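Written below as structure tokens is the structure these notes are about.
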Amino acid sequence: MTRFAAAQFSTALCLALAAPLAGQAQDTLLPPGMEGAELLPGWQTPTGARMAGVRIALDKGWKTYWRSPGDAGIPPSLNFADSQNVARVTVHWPTPEIFDQNGLRSVGYDDELILPLEITPADPTQPVALSADLEFGICHEICVPVSVALDANLDGPGAPDPMIRTALTEQPRPIDGGARCTVEPIADGMRVTATIDLPEAAQEVALFELKSTPVWVSDTVAHREGGQLTAMAEFVPENAQPFALDQNDLRITVLSAEGAVEINGCPD
């Protein structure tokens, strides 16, 4: 959810991938900025899970958005409800970049996004019929909302895909117990201030989100005191009212020239 009305026009893109053609997009009218989208069938892990992926290819200079897209971004939506023999899908987001868009900050990826999907089957001995309905935005001079439908049967051991493997290594590094938070109401939501024990690094940006609740989040205001980074952001729900913000639901991602780290939850 965002306060920035990014859409210039709406385009629907439907790509149907049958099992023999998994990863091959059918001919279709692509919106401006899109080269294509495909499902990477991936491989079966030793635990019986399936590691697959979505590839979104963009024209040069175009970008798409991270799970929490920033003030100027379009939030992506991923729906796997129509899949068969799927108990759970865990999406692994690679570390994003920060973009300036008309004086506002957005968070995302340029040119290409490989999004690993870790699929837990209901029955590991049976094939997975994956149905992925994706809605996301792509932007350059204009911003285009795009709808993509990807379907494929995933069976057999497969082979590790180097693109998916690389994307998995590009996730932020998780750290535990690295933040202390205070939460206070404001006129239209809640303010969170986090003090994070983290070595100083150049080009630091802290990104706040709630893991289970889509809510608009302001740009952060941050300052340093030695080995502590203090960052503040405001959370504004649709009804623009204070709400019960669960500190365990907080996720803070800090991007820097040294890489990215992810902190899940603040201790009460």
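Chain labels run A, B, ... following the order of the structure tokens; each chain numbers its residues from 1, and ligands are numbered from 1 in the order shown.
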Legend entry - Residues flagged helix (DSSP H, G or I) by DSSP in range 37-244 of chain A, as a ChimeraX atom specification: /A:162-169
How about saving the chosen residues, C-alpha atoms kept, as a short mmCIF file (atom, residue, chain, number, x, y, z; two decimals), in the first residue's frame?
data_model
loop_
_atom_site.label_atom_id
_atom_site.label_comp_id
_atom_site.auth_asym_id
_atom_site.auth_seq_id
_atom_site.Cartn_x
_atom_site.Cartn_y
_atom_site.Cartn_z
CA PRO A 162 22.50 -21.28 -11.16
CA MET A 163 20.22 -18.23 -11.42
CA ILE A 164 18.12 -19.39 -8.46
CA ARG A 165 21.23 -20.35 -6.47
CA THR A 166 22.76 -16.91 -7.05
CA ALA A 167 19.54 -15.16 -5.99
CA LEU A 168 19.47 -17.22 -2.78
CA THR A 169 23.01 -16.10 -1.90
#
Legend entry - Who sits within 8 Å of Ala202 in chain A, only C-alpha atoms, same chain under 6 positions skipped, as a PyMOL selection string: chain A and resi 256-258
Legend entry - Selection near Leu104 in chain A, 7 Å with only C-alpha atoms, sequence-local residues under 3 positions removed, as a list in words: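 Listing them by chain and then by number gives Asp71, Ala72, Asp100 and Gln101 of chain A.
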Given the selection you just returned, output its residues as a file containing N, CA and C atoms, formatted as a compact mmCIF listing (two decimals), in the first residue's frame.
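Below is the file that was written, result.txt:
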# COMPACT_ATOMS: atom_id res chain seq x y z
N ASP A 71 8.15 4.72 -0.70
CA ASP A 71 7.12 5.73 -0.84
C ASP A 71 6.63 5.86 -2.27
N ALA A 72 7.48 5.56 -3.25
CA ALA A 72 7.13 5.77 -4.65
C ALA A 72 6.90 4.47 -5.39
N ASP A 100 15.81 6.76 -6.53
CA ASP A 100 15.12 8.05 -6.36
C ASP A 100 14.17 8.23 -7.53
N GLN A 101 12.90 8.45 -7.22
CA GLN A 101 11.86 8.54 -8.25
C GLN A 101 11.05 9.80 -8.00
Inset, instruction - Determine the nearest neighbour of Gly189 in chain A from the options A:Val107, A:Ile119, A:Leu154, A:Ala233, counting only C-alpha atoms. - result: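 With only C-alpha atoms as the atom set, the closest residue is A:Ala233.
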Inset, instruction - Could you pull out the residues in range 153-234 of chain A that DSSP calls strand (DSSP E or B) from the backbone, as a ChimeraX atom specification? - result: /A:153-154,158,173-175,179-186,189-197,205-210,216-217,221-225,228-234
Could the residues in this selection be written to a file with N, CA and C atoms, as a compact mmCIF listing (two decimals), in the first residue's frame?
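Saved as part32.txt:
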# COMPACT_ATOMS: atom_id res chain seq x y z
N ASN A 153 3.62 -27.79 -14.07
CA ASN A 153 3.76 -29.01 -13.28
C ASN A 153 5.24 -29.20 -12.97
N LEU A 154 5.55 -29.37 -11.70
CA LEU A 154 6.93 -29.53 -11.26
C LEU A 154 7.10 -30.95 -10.73
N GLY A 158 15.00 -32.76 -11.10
CA GLY A 158 15.50 -31.52 -11.65
C GLY A 158 16.98 -31.33 -11.40
N ARG A 173 21.54 -10.94 5.18
CA ARG A 173 22.02 -11.86 6.22
C ARG A 173 21.19 -11.65 7.48
N PRO A 174 20.54 -12.70 8.00
CA PRO A 174 19.73 -12.53 9.22
C PRO A 174 20.61 -12.38 10.46
N ILE A 175 20.22 -11.48 11.35
CA ILE A 175 20.88 -11.37 12.65
C ILE A 175 19.80 -11.36 13.73
N ALA A 179 18.14 -5.46 17.72
CA ALA A 179 17.42 -4.19 17.77
C ALA A 179 16.59 -4.08 19.04
N ARG A 180 16.49 -2.85 19.54
CA ARG A 180 15.59 -2.52 20.65
C ARG A 180 14.67 -1.42 20.16
N CYS A 181 13.36 -1.61 20.33
CA CYS A 181 12.39 -0.72 19.71
C CYS A 181 11.49 -0.05 20.74
N THR A 182 11.10 1.17 20.45
CA THR A 182 10.02 1.84 21.17
C THR A 182 8.92 2.15 20.16
N VAL A 183 7.68 1.96 20.59
CA VAL A 183 6.51 2.17 19.72
C VAL A 183 5.60 3.18 20.40
N GLU A 184 5.16 4.19 19.65
CA GLU A 184 4.28 5.21 20.21
C GLU A 184 3.25 5.62 19.16
N PRO A 185 2.03 5.97 19.62
CA PRO A 185 0.99 6.39 18.66
C PRO A 185 1.26 7.78 18.12
N ILE A 186 0.85 8.00 16.87
CA ILE A 186 0.84 9.33 16.26
C ILE A 186 -0.58 9.56 15.74
N GLY A 189 -1.35 6.84 12.95
CA GLY A 189 -0.77 5.50 12.98
C GLY A 189 0.16 5.31 14.16
N MET A 190 1.31 4.70 13.90
CA MET A 190 2.26 4.40 14.96
C MET A 190 3.67 4.77 14.49
N ARG A 191 4.49 5.21 15.45
CA ARG A 191 5.90 5.51 15.19
C ARG A 191 6.77 4.47 15.87
N VAL A 192 7.73 3.93 15.12
CA VAL A 192 8.66 2.95 15.66
C VAL A 192 10.07 3.52 15.59
N THR A 193 10.77 3.51 16.72
CA THR A 193 12.17 3.92 16.77
C THR A 193 12.98 2.71 17.19
N ALA A 194 13.94 2.34 16.38
CA ALA A 194 14.76 1.15 16.64
C ALA A 194 16.22 1.56 16.83
N THR A 195 16.83 1.04 17.89
CA THR A 195 18.26 1.19 18.10
C THR A 195 18.90 -0.16 17.79
N ILE A 196 19.81 -0.15 16.80
CA ILE A 196 20.35 -1.39 16.24
C ILE A 196 21.85 -1.45 16.50
N ASP A 197 22.31 -2.54 17.10
CA ASP A 197 23.74 -2.75 17.31
C ASP A 197 24.32 -3.28 16.00
N VAL A 205 20.95 2.50 4.75
CA VAL A 205 19.52 2.80 4.67
C VAL A 205 18.78 1.70 5.44
N ALA A 206 17.96 2.09 6.40
CA ALA A 206 17.15 1.13 7.15
C ALA A 206 15.73 1.12 6.58
N LEU A 207 15.19 -0.08 6.36
CA LEU A 207 13.85 -0.25 5.79
C LEU A 207 13.00 -1.01 6.81
N PHE A 208 11.82 -0.47 7.14
CA PHE A 208 10.92 -1.08 8.11
C PHE A 208 9.72 -1.69 7.39
N GLU A 209 9.18 -2.77 7.94
CA GLU A 209 7.94 -3.35 7.44
C GLU A 209 7.32 -4.22 8.53
N LEU A 210 6.04 -4.54 8.36
CA LEU A 210 5.38 -5.55 9.16
C LEU A 210 5.25 -6.80 8.30
N TRP A 216 1.28 1.15 4.92
CA TRP A 216 2.20 2.17 4.40
C TRP A 216 3.22 2.51 5.47
N VAL A 217 4.49 2.61 5.06
CA VAL A 217 5.59 2.94 5.97
C VAL A 217 6.36 4.11 5.39
N VAL A 221 14.17 8.00 9.18
CA VAL A 221 15.10 9.05 9.62
C VAL A 221 16.08 8.35 10.55
N ALA A 222 17.37 8.48 10.29
CA ALA A 222 18.36 7.70 11.03
C ALA A 222 19.56 8.55 11.41
N HIS A 223 20.24 8.15 12.50
CA HIS A 223 21.51 8.75 12.87
C HIS A 223 22.36 7.70 13.57
N ARG A 224 23.66 7.98 13.64
CA ARG A 224 24.66 7.06 14.19
C ARG A 224 25.25 7.59 15.48
N GLU A 225 25.50 6.66 16.42
CA GLU A 225 26.33 6.94 17.58
C GLU A 225 27.26 5.76 17.75
N GLN A 228 26.05 2.03 17.18
CA GLN A 228 24.60 1.94 17.24
C GLN A 228 23.97 2.82 16.16
N LEU A 229 23.07 2.21 15.41
CA LEU A 229 22.27 2.93 14.42
C LEU A 229 20.87 3.09 14.98
N THR A 230 20.39 4.33 15.06
CA THR A 230 19.02 4.59 15.50
C THR A 230 18.21 5.05 14.29
N ALA A 231 17.11 4.36 14.03
CA ALA A 231 16.28 4.66 12.86
C ALA A 231 14.82 4.73 13.29
N MET A 232 14.07 5.65 12.67
CA MET A 232 12.67 5.85 13.01
C MET A 232 11.83 5.83 11.73
N ALA A 233 10.66 5.19 11.81
CA ALA A 233 9.71 5.19 10.69
C ALA A 233 8.30 5.24 11.24
N GLU A 234 7.37 5.72 10.42
CA GLU A 234 5.96 5.81 10.82
C GLU A 234 5.13 4.83 9.99
Legend entry - Of the listed residues A:Gly156, A:Pro96, A:Gly53, A:Pro145, that which approaches Asp110 in chain A most closely, counting only C-alpha atoms: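 Looking at the shortest contact to Asp110 in chain A, the residue is A:Pro96.
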Legend entry - Top pick for closest residue to Ile56 in chain A, considering A:Pro69, A:Gly108, A:Gly36, A:Pro41 and counting only C-alpha atoms: A:Gly36
